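Below is one structure; the comments refer to it alone.
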Amino acid sequence: MVVSKQDAASALSEIHSAGDRAARLLHYRDFAPHALIWGTIWIVANVAIDLLGGHGTAVWLSLIVPGSVASSWIGARTGRKHREAGDTRPSQTWRWLAMFLALLVYFNLAIVVLAPATPAQAGAYIALSFAAAYVFAGIWLGWKIVAMGLAMAALILGGYFSGAPHLQVLSGSVAGVAMVICGLWMRRA
Amino acid sequence: MSALAPDEVVHQSMRLRILATLHALPHGGPLEFVELKALLSATDGNLGTHLSTLEKAGYVASGKDFVGRKPRTQLTLTPAGRRAFEEHVAYLRSVIAGAAPGQPPAQSQGARS
């Protein structure tokens with residue numbers, strides 16, 4: 001068998017794209033449990049705040065602490081599994097913690113600067129930010145994520161402009177459900 | 001086999017993508033059959049046929065177990081498969097660099113499909 005330059009180039013291109021897809025699968029597998037945990041926390045926190053009629057700080061703190069512990073444990077376990085499989089990439093635990101911390105700081109600062117008049121506005125703003133992030137990510141990763149971001153934005157804006165009751169729990173639940181769907185999709189990808 | 005010789009088993013398009021996928025994983029897998037099928041947008045039959053060829057060549061090893069009641073097939077790149085894949089990639093690069101014998105596209109007898 002003799003291979004032409006064209007065939008060789010085409011084969012190498014196939015190799016690169018297959019390798020890229022496999023690497024993406026690995027990243028999805030690593031990220032999926034974190035999306036499931038934080039999506040669930042988002043839903044539970046907003047429902048609890050709505051049912052309790054406030055106590056937002058206490059509710060969030062009581063969920064963020066175990067969520068961070070769970071994410072760190074999963075990150076450490078994933079890193080150990082990668083190392084056992086011969087993967088020499090450094091541990092991801094600190095990256096996950098740093099990412100959650102950065103998001104927490106960013107949204108708190110944004111709320112301070114924007115000073116929304118109601119908690120519902122703050123909730124809608126945060127959920128819309130995630131909807132935009134899904135659209136941005138989906139442009140690179142696939143139309144399903146774009147569609148999910150658009151559906152999220154439509155639900156949140158629809159609720160906001162129609163003056164729907166319990167808007168904060170609606171925004172939080174929509175965003176949480178979207179994150180859980182994302183996690184399930186990545187786990188099965 | 002010389003590092004500058006093509007491997008007909010490896011060069012076929014689907015088999016090349018199977019090996020490239022497993023090669024990209026730490027230690028060459030394991031990867032579930034259904035995951036590989038989704039990654040390669042392949043059908044059960046097509047993937048099964050090419051996996052069987054790769055297994056016969058000793059390039060891929062498969063193992064079956066159960067998750068609950070569902071059977072699961074896990075695939076791993078063998079050391080021989082890793083070596084064959086890497087040598088074939090080296091050969092392809094050498095063809096592009098003009099260091100290995102190649103033919104014009106019209107005369108190509110490669111097993112691309």
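Chain labels A, B, ... are given in the sequence in which chains occur in the structure tokens; within each chain residues are numbered consecutively from 1, and ligands are likewise numbered from 1 in the order shown.
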Members of chain B assigned strand (DSSP E) by DSSP, as a ChimeraX atom specification: /B:31-32,60-67,70-77
Chain A residues near chain B (7 Å cut-off, only C-alpha atoms) as a PyMOL selection string: chain A and resi 1-6+8-9+14-15+18-19+21-23+85-87
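Among A:Gly149, A:Phe161, A:Gly54, A:Ala124, the residue with the shortest atom-to-atom distance to Phe136 of chain A, counting only C-alpha atoms, is A:Gly149.
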Atom pair atom CA of Ile139 of chain A / atom CA of Leu97 of chain A: separation (Å):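 Pair atom CA of Ile139 of chain A / atom CA of Leu97 of chain A returns 25.9 Å.
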One-decimal distance in Å that lies between atom CA of Arg15 of chain B and atom CA of His16 of chain A: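 Computing the Euclidean distance for atom CA of His16 of chain A and atom CA of Arg15 of chain B yields 14.0 Å.
Neighbours of Thr53 of chain B closer than or equal to 10 Å, with only C-alpha atoms counted and sequence neighbours fewer than 6 positions away skipped, come out as Val9, Val10, Arg15, Tyr59 and Val60 of chain B.
Between atom CA of Ala178 of chain A and atom CA of Val112 of chain A the separation is 25.7 Å.
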